[in-house]
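Colleague: Supplied structure: entry.cif, mmCIF, C-alpha atoms.
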```
data_run
#
loop_
_atom_site.group_PDB
_atom_site.id
_atom_site.type_symbol
_atom_site.label_atom_id
_atom_site.label_comp_id
_atom_site.auth_asym_id
_atom_site.auth_seq_id
_atom_site.Cartn_x
_atom_site.Cartn_y
_atom_site.Cartn_z
ATOM 1 C CA MET A 87 -60.878 28.093 -206.360
ATOM 2 C CA LYS A 88 -57.550 29.810 -205.886
ATOM 3 C CA LEU A 89 -56.671 31.004 -202.407
ATOM 4 C CA LYS A 90 -56.230 34.541 -203.726
ATOM 5 C CA ASN A 91 -59.778 34.534 -205.094
ATOM 6 C CA ARG A 92 -61.080 33.118 -201.816
ATOM 7 C CA ILE A 93 -59.510 36.036 -199.958
ATOM 8 C CA TYR A 94 -60.988 38.566 -202.402
ATOM 9 C CA ILE A 95 -64.445 37.008 -202.145
ATOM 10 C CA SER A 96 -64.200 36.851 -198.335
ATOM 11 C CA PHE A 97 -63.329 40.549 -198.227
ATOM 12 C CA PHE A 98 -66.300 41.617 -200.333
ATOM 13 C CA VAL A 99 -68.698 39.241 -198.578
ATOM 14 C CA ILE A 100 -67.697 40.376 -195.104
ATOM 15 C CA VAL A 101 -68.247 44.003 -196.177
ATOM 16 C CA LEU A 102 -71.323 43.802 -198.417
ATOM 17 C CA VAL A 103 -73.384 40.990 -196.877
ATOM 18 C CA PRO A 104 -73.594 42.535 -193.368
ATOM 19 C CA LEU A 105 -74.515 45.897 -194.918
ATOM 20 C CA LEU A 106 -77.229 44.307 -197.042
ATOM 21 C CA LEU A 107 -78.641 42.183 -194.218
ATOM 22 C CA THR A 108 -78.464 45.113 -191.797
ATOM 23 C CA GLY A 109 -80.403 47.256 -194.253
ATOM 24 C CA ILE A 110 -83.051 44.561 -194.614
ATOM 25 C CA ALA A 111 -83.228 44.150 -190.828
ATOM 26 C CA PHE A 112 -83.517 47.911 -190.303
ATOM 27 C CA TRP A 113 -86.291 48.151 -192.896
ATOM 28 C CA GLY A 114 -88.154 45.252 -191.263
ATOM 29 C CA PHE A 115 -87.829 46.775 -187.798
ATOM 30 C CA ALA A 116 -88.934 50.164 -189.126
ATOM 31 C CA VAL A 117 -92.072 48.677 -190.692
ATOM 32 C CA TYR A 118 -92.835 46.802 -187.487
ATOM 33 C CA GLN A 119 -92.279 49.878 -185.288
ATOM 34 C CA VAL A 120 -94.406 52.112 -187.507
ATOM 35 C CA ARG A 121 -97.326 49.687 -187.307
ATOM 36 C CA SER A 122 -96.854 49.159 -183.567
ATOM 37 C CA LEU A 123 -96.750 52.897 -182.838
ATOM 38 C CA GLN A 124 -99.809 53.484 -184.957
ATOM 39 C CA LYS A 125 -101.669 50.701 -183.185
ATOM 40 C CA GLN A 126 -100.567 51.486 -179.610
ATOM 41 C CA TYR A 127 -100.706 55.264 -179.637
ATOM 42 C CA GLY A 128 -103.196 55.846 -182.414
ATOM 43 C CA ILE A 129 -100.684 57.923 -184.342
ATOM 44 C CA GLU A 130 -101.382 58.299 -188.020
ATOM 45 C CA GLU A 131 -99.247 59.330 -190.972
ATOM 46 C CA ILE A 132 -95.950 58.127 -189.479
ATOM 47 C CA THR A 133 -93.213 57.950 -192.086
ATOM 48 C CA TYR A 134 -89.876 56.179 -191.858
ATOM 49 C CA GLU A 135 -88.161 59.573 -191.702
ATOM 50 C CA ASN A 136 -90.204 60.470 -188.608
ATOM 51 C CA LEU A 137 -88.779 57.486 -186.715
ATOM 52 C CA SER A 138 -85.378 59.179 -186.584
ATOM 53 C CA ASN A 139 -86.965 62.456 -185.336
ATOM 54 C CA ASN A 140 -87.262 61.689 -181.643
ATOM 55 C CA THR A 141 -88.869 65.028 -180.693
ATOM 56 C CA TYR A 142 -91.507 64.613 -183.377
ATOM 57 C CA MET A 143 -92.355 61.109 -182.171
ATOM 58 C CA LEU A 144 -92.596 62.161 -178.518
ATOM 59 C CA ASN A 145 -94.739 65.107 -179.570
ATOM 60 C CA LYS A 146 -97.099 62.812 -181.466
ATOM 61 C CA ILE A 147 -97.272 60.307 -178.611
ATOM 62 C CA THR A 148 -98.314 62.989 -176.097
ATOM 63 C CA GLN A 149 -100.768 64.672 -178.461
ATOM 64 C CA LYS A 150 -103.783 62.673 -177.272
ATOM 65 C CA LEU A 151 -103.068 63.458 -173.632
ATOM 66 C CA CYS A 152 -102.741 67.144 -174.462
ATOM 67 C CA THR A 153 -106.074 67.101 -176.263
ATOM 68 C CA SER A 154 -107.696 65.330 -173.312
ATOM 69 C CA LEU A 155 -106.138 67.855 -170.929
ATOM 70 C CA GLN A 156 -107.468 70.712 -173.057
ATOM 71 C CA LYS A 157 -111.022 69.344 -172.812
ATOM 72 C CA THR A 158 -110.691 68.843 -169.056
ATOM 73 C CA VAL A 159 -109.634 72.439 -168.370
ATOM 74 C CA GLU A 160 -112.485 73.709 -170.517
ATOM 75 C CA THR A 161 -115.183 71.657 -168.777
ATOM 76 C CA GLU A 162 -113.789 70.838 -165.335
ATOM 77 C CA PRO A 163 -110.996 73.288 -164.444
ATOM 78 C CA ASP A 164 -111.311 72.349 -160.768
ATOM 79 C CA LYS A 165 -109.621 69.003 -161.561
ATOM 80 C CA MET A 166 -106.374 70.890 -162.024
ATOM 81 C CA GLU A 167 -106.252 71.122 -158.255
ATOM 82 C CA ASP A 168 -107.097 67.446 -157.778
ATOM 83 C CA PHE A 169 -103.710 65.821 -157.136
ATOM 84 C CA GLY A 170 -105.130 62.335 -157.657
ATOM 85 C CA TYR A 171 -106.210 63.255 -161.190
ATOM 86 C CA LEU A 172 -102.951 65.088 -161.841
ATOM 87 C CA ASP A 173 -100.943 62.071 -160.625
ATOM 88 C CA ASN A 174 -102.776 59.832 -163.087
ATOM 89 C CA ILE A 175 -102.012 62.232 -165.952
ATOM 90 C CA ASN A 176 -98.386 62.536 -164.827
ATOM 91 C CA ARG A 177 -98.030 58.735 -164.607
ATOM 92 C CA GLU A 178 -99.195 58.342 -168.195
ATOM 93 C CA LEU A 179 -96.829 61.083 -169.295
ATOM 94 C CA ASN A 180 -93.895 59.441 -167.491
ATOM 95 C CA GLU A 181 -94.424 56.333 -169.608
ATOM 96 C CA LYS A 182 -93.903 58.573 -172.629
ATOM 97 C CA ASN A 183 -90.804 60.345 -171.222
ATOM 98 C CA ALA A 184 -92.760 63.462 -170.290
ATOM 99 C CA TYR A 185 -94.203 65.024 -167.138
ATOM 100 C CA LEU A 186 -96.886 67.482 -166.055
ATOM 101 C CA VAL A 187 -96.419 70.894 -164.448
ATOM 102 C CA VAL A 188 -99.333 73.076 -163.304
ATOM 103 C CA ARG A 189 -99.020 76.769 -162.558
ATOM 104 C CA LYS A 190 -101.610 78.893 -160.766
ATOM 105 C CA GLY A 191 -100.897 82.535 -161.172
ATOM 106 C CA ASP A 192 -97.146 82.782 -160.698
ATOM 107 C CA VAL A 193 -96.857 79.782 -158.386
ATOM 108 C CA ILE A 194 -96.056 76.205 -159.435
ATOM 109 C CA THR A 195 -98.738 74.130 -157.706
ATOM 110 C CA TYR A 196 -97.893 70.740 -159.199
ATOM 111 C CA ASN A 197 -94.420 69.512 -160.096
ATOM 112 C CA LYS A 198 -93.136 65.968 -159.741
ATOM 113 C CA SER A 199 -90.393 66.185 -162.334
ATOM 114 C CA GLY A 200 -87.562 66.213 -159.814
ATOM 115 C CA LEU A 201 -86.484 69.684 -160.989
ATOM 116 C CA ASP A 202 -86.550 72.814 -158.839
ATOM 117 C CA SER A 203 -89.925 74.560 -159.204
ATOM 118 C CA ARG A 204 -88.228 77.967 -159.151
ATOM 119 C CA VAL A 205 -86.042 76.994 -162.122
ATOM 120 C CA ILE A 206 -89.057 75.711 -164.007
ATOM 121 C CA ALA A 207 -91.101 78.826 -163.183
ATOM 122 C CA SER A 208 -88.325 81.086 -164.447
ATOM 123 C CA GLU A 209 -88.173 79.401 -167.864
ATOM 124 C CA LEU A 210 -91.810 78.592 -168.619
ATOM 125 C CA PRO A 211 -93.712 80.894 -170.989
ATOM 126 C CA MET A 212 -96.218 83.262 -169.419
ATOM 127 C CA TYR A 213 -99.971 82.886 -169.561
ATOM 128 C CA GLY A 214 -101.207 83.492 -173.105
ATOM 129 C CA ASP A 215 -97.720 83.533 -174.644
ATOM 130 C CA MET A 216 -98.360 80.345 -176.643
ATOM 131 C CA PRO A 217 -101.253 80.251 -179.128
ATOM 132 C CA GLY A 218 -103.805 77.533 -178.427
ATOM 133 C CA GLU A 219 -103.568 76.249 -181.985
ATOM 134 C CA ASN A 220 -99.866 75.521 -181.550
ATOM 135 C CA ASP A 221 -99.729 71.767 -180.898
ATOM 136 C CA LYS A 222 -96.025 71.441 -181.728
ATOM 137 C CA GLY A 223 -94.790 73.020 -178.518
ATOM 138 C CA VAL A 224 -91.860 75.287 -177.741
ATOM 139 C CA TYR A 225 -88.377 74.080 -176.963
ATOM 140 C CA ILE A 226 -86.763 75.285 -173.721
ATOM 141 C CA GLY A 227 -83.070 74.564 -173.803
ATOM 142 C CA LYS A 228 -81.465 76.355 -170.891
ATOM 143 C CA ASP A 229 -81.722 74.212 -167.751
ATOM 144 C CA ILE A 230 -84.846 72.190 -168.488
ATOM 145 C CA GLN A 231 -84.132 71.079 -172.091
ATOM 146 C CA ALA A 232 -87.654 70.027 -172.908
ATOM 147 C CA LEU A 233 -90.370 70.497 -175.491
ATOM 148 C CA VAL A 234 -93.184 72.346 -173.739
ATOM 149 C CA LYS A 235 -96.879 72.286 -174.652
ATOM 150 C CA GLN A 236 -98.946 74.904 -172.839
ATOM 151 C CA VAL A 237 -102.655 74.726 -172.070
ATOM 152 C CA ASP A 238 -104.036 77.963 -170.574
ATOM 153 C CA PHE A 239 -107.241 78.074 -168.538
ATOM 154 C CA GLU A 240 -108.857 79.758 -165.567
ATOM 155 C CA PHE A 241 -109.398 78.176 -162.165
ATOM 156 C CA PRO A 242 -112.889 78.295 -160.598
ATOM 157 C CA ASP A 243 -111.774 81.362 -158.594
ATOM 158 C CA ASP A 244 -110.907 83.137 -161.912
ATOM 159 C CA THR A 245 -107.154 82.845 -161.316
ATOM 160 C CA GLU A 246 -105.141 82.406 -164.479
ATOM 161 C CA GLY A 247 -103.587 78.992 -164.753
ATOM 162 C CA SER A 248 -101.507 76.967 -167.161
ATOM 163 C CA ALA A 249 -100.878 73.248 -167.538
ATOM 164 C CA PHE A 250 -97.586 72.332 -169.147
ATOM 165 C CA VAL A 251 -96.785 69.015 -170.757
ATOM 166 C CA MET A 252 -92.982 68.838 -170.608
ATOM 167 C CA ILE A 253 -91.419 66.363 -173.061
ATOM 168 C CA ARG A 254 -87.791 65.485 -172.310
ATOM 169 C CA ALA A 255 -85.796 66.370 -175.410
ATOM 170 C CA ASP A 256 -82.971 63.957 -174.590
ATOM 171 C CA ALA A 257 -85.286 60.960 -174.130
ATOM 172 C CA MET A 258 -86.194 58.356 -176.695
ATOM 173 C CA VAL A 259 -89.450 56.629 -177.398
ATOM 174 C CA PRO A 260 -89.274 53.314 -175.477
ATOM 175 C CA ARG A 261 -90.095 51.323 -178.578
ATOM 176 C CA MET A 262 -87.304 53.092 -180.451
ATOM 177 C CA GLN A 263 -84.879 52.185 -177.674
ATOM 178 C CA ASN A 264 -85.878 48.526 -178.001
ATOM 179 C CA MET A 265 -85.595 48.753 -181.768
ATOM 180 C CA MET A 266 -82.059 50.150 -181.591
ATOM 181 C CA LEU A 267 -81.022 47.513 -179.073
ATOM 182 C CA ASN A 268 -82.473 44.721 -181.211
ATOM 183 C CA LEU A 269 -80.857 46.195 -184.300
ATOM 184 C CA VAL A 270 -77.439 46.240 -182.613
ATOM 185 C CA LEU A 271 -77.915 42.596 -181.572
ATOM 186 C CA ILE A 272 -78.973 41.680 -185.119
ATOM 187 C CA VAL A 273 -75.891 43.402 -186.577
ATOM 188 C CA ILE A 274 -73.623 41.545 -184.145
ATOM 189 C CA LEU A 275 -75.339 38.263 -185.032
ATOM 190 C CA ILE A 276 -75.022 38.968 -188.775
ATOM 191 C CA LEU A 277 -71.320 39.756 -188.414
ATOM 192 C CA ALA A 278 -70.723 36.628 -186.318
ATOM 193 C CA VAL A 279 -72.602 34.327 -188.729
ATOM 194 C CA THR A 280 -70.930 35.878 -191.791
ATOM 195 C CA ALA A 281 -67.452 35.627 -190.267
ATOM 196 C CA PHE A 282 -68.075 32.040 -189.129
ATOM 197 C CA GLY A 283 -69.339 31.011 -192.575
ATOM 198 C CA LEU A 284 -66.371 32.584 -194.351
ATOM 199 C CA CYS A 285 -63.875 31.092 -191.902
ATOM 200 C CA THR A 286 -65.437 27.642 -192.330
ATOM 201 C CA TRP A 287 -65.442 27.964 -196.122
ATOM 202 C CA THR A 288 -61.811 29.108 -196.222
ATOM 203 C CA TYR A 289 -60.745 26.495 -193.650
ATOM 204 C CA HIS A 290 -62.254 23.613 -195.608
ATOM 205 C CA GLY A 291 -60.695 24.934 -198.808
ATOM 206 C CA VAL A 292 -57.243 24.771 -197.162
ATOM 207 C CA ILE A 293 -57.475 21.830 -194.759
ATOM 208 C CA THR A 294 -58.737 19.271 -197.319
ATOM 209 C CA PRO A 295 -55.631 19.319 -199.586
ATOM 210 C CA LEU A 296 -53.350 19.652 -196.543
ATOM 211 C CA THR A 297 -54.886 16.494 -195.052
ATOM 212 C CA GLN A 298 -54.300 14.666 -198.337
ATOM 213 C CA LEU A 299 -50.701 15.837 -198.396
ATOM 214 C CA LYS A 300 -50.190 14.745 -194.799
ATOM 215 C CA ILE A 301 -51.483 11.228 -195.561
ATOM 216 C CA ALA A 302 -49.326 11.043 -198.695
ATOM 217 C CA THR A 303 -46.233 12.155 -196.768
ATOM 218 C CA LYS A 304 -46.857 9.491 -194.134
ATOM 219 C CA ASN A 305 -47.140 6.775 -196.817
ATOM 220 C CA ILE A 306 -43.873 7.837 -198.406
ATOM 221 C CA LYS A 307 -42.202 7.926 -194.991
ATOM 222 C CA GLU A 308 -43.302 4.323 -194.409
ATOM 223 C CA GLY A 309 -41.998 3.311 -197.845
ATOM 224 C CA ASN A 310 -45.438 2.880 -199.421
ATOM 225 C CA LEU A 311 -45.542 4.314 -202.914
ATOM 226 C CA ASP A 312 -48.537 2.308 -204.140
ATOM 227 C CA PHE A 313 -51.176 4.987 -203.631
ATOM 228 C CA VAL A 314 -52.742 7.748 -205.690
ATOM 229 C CA LEU A 315 -53.101 11.344 -204.509
ATOM 230 C CA ASP A 316 -56.482 12.480 -205.833
ATOM 231 C CA VAL A 317 -56.343 16.077 -207.051
ATOM 232 C CA GLU A 318 -59.392 18.283 -207.632
ATOM 233 C CA GLY A 319 -59.587 21.978 -208.413
ATOM 234 C CA THR A 320 -57.172 24.528 -209.800
ATOM 235 C CA ASP A 321 -56.047 26.396 -206.698
ATOM 236 C CA GLU A 322 -52.532 26.677 -205.311
ATOM 237 C CA PHE A 323 -52.955 23.647 -203.067
ATOM 238 C CA SER A 324 -54.229 21.548 -205.979
ATOM 239 C CA ASN A 325 -51.132 22.509 -207.957
ATOM 240 C CA LEU A 326 -48.995 21.498 -204.994
ATOM 241 C CA CYS A 327 -50.826 18.155 -204.800
ATOM 242 C CA GLU A 328 -50.243 17.616 -208.521
ATOM 243 C CA ASP A 329 -46.512 18.232 -208.073
ATOM 244 C CA PHE A 330 -46.488 15.893 -205.082
ATOM 245 C CA GLU A 331 -48.252 13.177 -207.100
ATOM 246 C CA GLU A 332 -45.717 13.611 -209.903
ATOM 247 C CA MET A 333 -42.911 13.269 -207.362
ATOM 248 C CA ARG A 334 -44.506 10.064 -206.039
ATOM 249 C CA LYS A 335 -44.653 8.607 -209.543
ATOM 250 C CA ARG A 336 -40.997 9.484 -210.129
ATOM 251 C CA LEU A 337 -39.994 7.928 -206.811
ATOM 252 C CA LYS A 338 -41.957 4.786 -207.575
ATOM 253 C CA GLN A 339 -40.410 4.547 -211.041
ATOM 254 C CA THR A 340 -36.916 5.083 -209.620
ATOM 255 C CA ASN A 341 -37.551 2.481 -206.928
ATOM 256 C CA GLU A 342 -38.777 -0.052 -209.482
ATOM 257 C CA GLU A 343 -35.727 0.603 -211.691
ATOM 258 C CA LYS A 344 -33.441 0.136 -208.685
ATOM 259 C CA LEU A 345 -35.109 -3.173 -207.791
ATOM 260 C CA ALA A 346 -34.749 -4.381 -211.396
ATOM 261 C CA PHE A 347 -31.105 -3.296 -211.465
ATOM 262 C CA ASP A 348 -30.360 -5.105 -208.195
ATOM 263 C CA LYS A 349 -32.036 -8.239 -209.540
ATOM 264 C CA GLU A 350 -29.939 -8.109 -212.721
ATOM 265 C CA ASN A 351 -26.792 -7.610 -210.625
ATOM 266 C CA ARG A 352 -27.601 -10.649 -208.523
ATOM 267 C CA GLU A 353 -28.263 -12.715 -211.635
ATOM 268 C CA LEU A 354 -24.991 -11.475 -213.188
ATOM 269 C CA ILE A 355 -22.984 -12.327 -210.089
ATOM 270 C CA SER A 356 -24.666 -15.715 -209.924
ATOM 271 C CA ASN A 357 -23.854 -16.414 -213.545
ATOM 272 C CA ILE A 358 -20.243 -15.251 -213.147
ATOM 273 C CA SER A 359 -19.883 -17.403 -210.055
ATOM 274 C CA HIS A 360 -21.256 -20.379 -211.955
ATOM 275 C CA ASP A 361 -19.013 -19.716 -214.950
ATOM 276 C CA LEU A 362 -15.924 -19.454 -212.703
ATOM 277 C CA LYS A 363 -16.798 -22.478 -210.637
ATOM 278 C CA THR A 364 -16.497 -25.008 -213.507
ATOM 279 C CA PRO A 365 -12.902 -24.177 -214.651
ATOM 280 C CA ILE A 366 -11.751 -23.646 -211.082
ATOM 281 C CA THR A 367 -13.079 -27.082 -210.167
ATOM 282 C CA ALA A 368 -11.220 -28.576 -213.109
ATOM 283 C CA VAL A 369 -7.994 -26.764 -212.190
ATOM 284 C CA LYS A 370 -8.381 -27.880 -208.585
ATOM 285 C CA GLY A 371 -8.786 -31.520 -209.719
ATOM 286 C CA TYR A 372 -5.694 -31.460 -211.904
ATOM 287 C CA VAL A 373 -3.676 -29.773 -209.147
ATOM 288 C CA GLU A 374 -4.742 -32.525 -206.730
ATOM 289 C CA GLY A 375 -3.659 -35.058 -209.391
ATOM 290 C CA ILE A 376 -0.211 -33.514 -209.587
ATOM 291 C CA VAL A 377 0.037 -33.352 -205.801
ATOM 292 C CA ASP A 378 -1.040 -36.962 -205.502
ATOM 293 C CA GLY A 379 1.536 -38.024 -208.144
ATOM 294 C CA VAL A 380 -0.973 -39.034 -210.809
ATOM 295 C CA ALA A 381 0.949 -36.992 -213.436
ATOM 296 C CA ASP A 382 3.948 -39.308 -213.197
ATOM 297 C CA THR A 383 5.057 -38.950 -216.782
ATOM 298 C CA PRO A 384 6.225 -35.922 -218.744
ATOM 299 C CA GLU A 385 3.319 -36.381 -221.173
ATOM 300 C CA LYS A 386 0.721 -36.291 -218.390
ATOM 301 C CA MET A 387 2.428 -33.360 -216.722
ATOM 302 C CA ASN A 388 2.464 -31.489 -220.027
ATOM 303 C CA ARG A 389 -1.235 -32.290 -220.574
ATOM 304 C CA TYR A 390 -2.090 -31.115 -217.029
ATOM 305 C CA ILE A 391 -0.169 -27.865 -217.513
ATOM 306 C CA ARG A 392 -1.830 -27.238 -220.882
ATOM 307 C CA THR A 393 -5.216 -27.821 -219.191
ATOM 308 C CA PHE A 394 -4.255 -25.194 -216.540
ATOM 309 C CA TYR A 395 -3.464 -22.745 -219.320
ATOM 310 C CA ASN A 396 -6.725 -23.355 -221.240
ATOM 311 C CA LYS A 397 -8.908 -23.058 -218.098
ATOM 312 C CA ALA A 398 -7.121 -19.840 -217.116
ATOM 313 C CA ASN A 399 -7.902 -18.442 -220.577
ATOM 314 C CA GLU A 400 -11.563 -19.465 -220.172
ATOM 315 C CA MET A 401 -11.758 -17.664 -216.812
#
```
Please express the file's structure as structure tokens.
Modeller:
Amino acid sequence: MKLKNRIYISFFVIVLVPLLLTGIAFWGFAVYQVRSLQKQYGIEEITYENLSNNTYMLNKITQKLCTSLQKTVETEPDKMEDFGYLDNINRELNEKNAYLVVRKGDVITYNKSGLDSRVIASELPMYGDMPGENDKGVYIGKDIQALVKQVDFEFPDDTEGSAFVMIRADAMVPRMQNMMLNLVLIVILILAVTAFGLCTWTYHGVITPLTQLKIATKNIKEGNLDFVLDVEGTDEFSNLCEDFEEMRKRLKQTNEEKLAFDKENRELISNISHDLKTPITAVKGYVEGIVDGVADTPEKMNRYIRTFYNKANEM
């Protein structure tokens, strides 16, 4: 595969695959959270859209406690002055990012929210302001910023009282917090695995032909041309390897031609040397004969000189 195509594929994979896997992961977490919330809190008819509505989820989670509180004030209103009972209710509400406030007349008698009772008293609805059928609550967004559910009742001494379940509007359902954290970790893991896979794929696509070229270059450097550079694929590096292999063949052919030419030159020089040696030897012998006085007659001298002339012509 060409390097250009590898880059294009890597771009689309690194964009589309994480999105696809993240969507699958989010869907799986959503299914798991819906079933867990239904099982743990007894909430029914949760849809995937509701999971993103934090106020709705907190409202649903506290609905059972509100119903239980409504029954208590109807049958045993004196428990609203029992701080042990109220602490137990408040502890359960704290686990759901909510808290309990009790008002007797105009005085806040129970408040462990950490907020000033005077501020709370100034913003809470009055006795009878909220219809009993309203189980969705009223949002107070000034200083408290909470979803308030009001349960009105009368104390044993006939004093008007109200119990308020205050749901923090800026809080998240604990399970949703865990889901978001796990989802972020999953996305990071998906990105890391995808990037690692693409880097490995691209690296192997580049390093394999480069390693072959490095080995081939080393062989040529050492004077070894008797090897074959295997070429596979049609990418840019494969084309480079093909050109390198063609260069090796040309070098080997040139080297073989040079060796053959040198051998022919040596044979030619050897033959020339041999051909020159015979007449030179003869000339040398006749010269020695003249020097030694063997050619002591004009006829011999003439024959020796004619022999010099003939051998010179042969050379």
Colleague: When you count all atoms listed in the file, which of these residues is closest to A:Ser248: A:Gln339, A:Asn325, A:Gln156, A:Asn174?
Modeller: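 Once distances to A:Ser248 are computed over all atoms listed in the file, the minimum belongs to A:Gln156.
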Colleague: Can you work out the spacing between atom CA of A:Ala232 and atom CA of A:Lys146 in Å, to one decimal?
Modeller: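 Here the two named atoms are 14.6 Å from each other.
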Colleague: Can you work out the spacing between atom CA of A:Ile274 and atom CA of A:Phe97 in Å, to one decimal?
Modeller: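 Between atom CA of A:Ile274 and atom CA of A:Phe97 the gap works out to 17.5 Å.
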Colleague: Record the distance separating atom CA of A:Glu400 and atom CA of A:Thr364, expressed in Å with one decimal.
Modeller: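 Rounded to one decimal, the two atoms are 10.0 Å apart.
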Colleague: Give me the result of the PyMOL selection byres ((chain A and resi 291) around 10) on this file, residue by residue, as a list in words.
Modeller: Met87, Lys88, Leu89, Arg92, Cys285, Thr286, Trp287, Thr288, Tyr289, His290, Val292, Ile293, Thr294, Pro295, Leu296, Asp321 and Phe323 of chain A
Colleague: Identify all residues satisfying the PyMOL selection byres ((chain A and resi 193) around 10) in the given file; provide them as number ranges by chain.
Modeller: A: 188-192, 194-196, 203-204, 207, 247
Colleague: Taking into account all atoms listed in the file, which residue in the set A:Phe313, A:Tyr94, A:Phe394, A:Phe250 is nearest to A:Leu179?
Modeller: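 The shortest atom-to-atom distance to A:Leu179 comes from A:Phe250.
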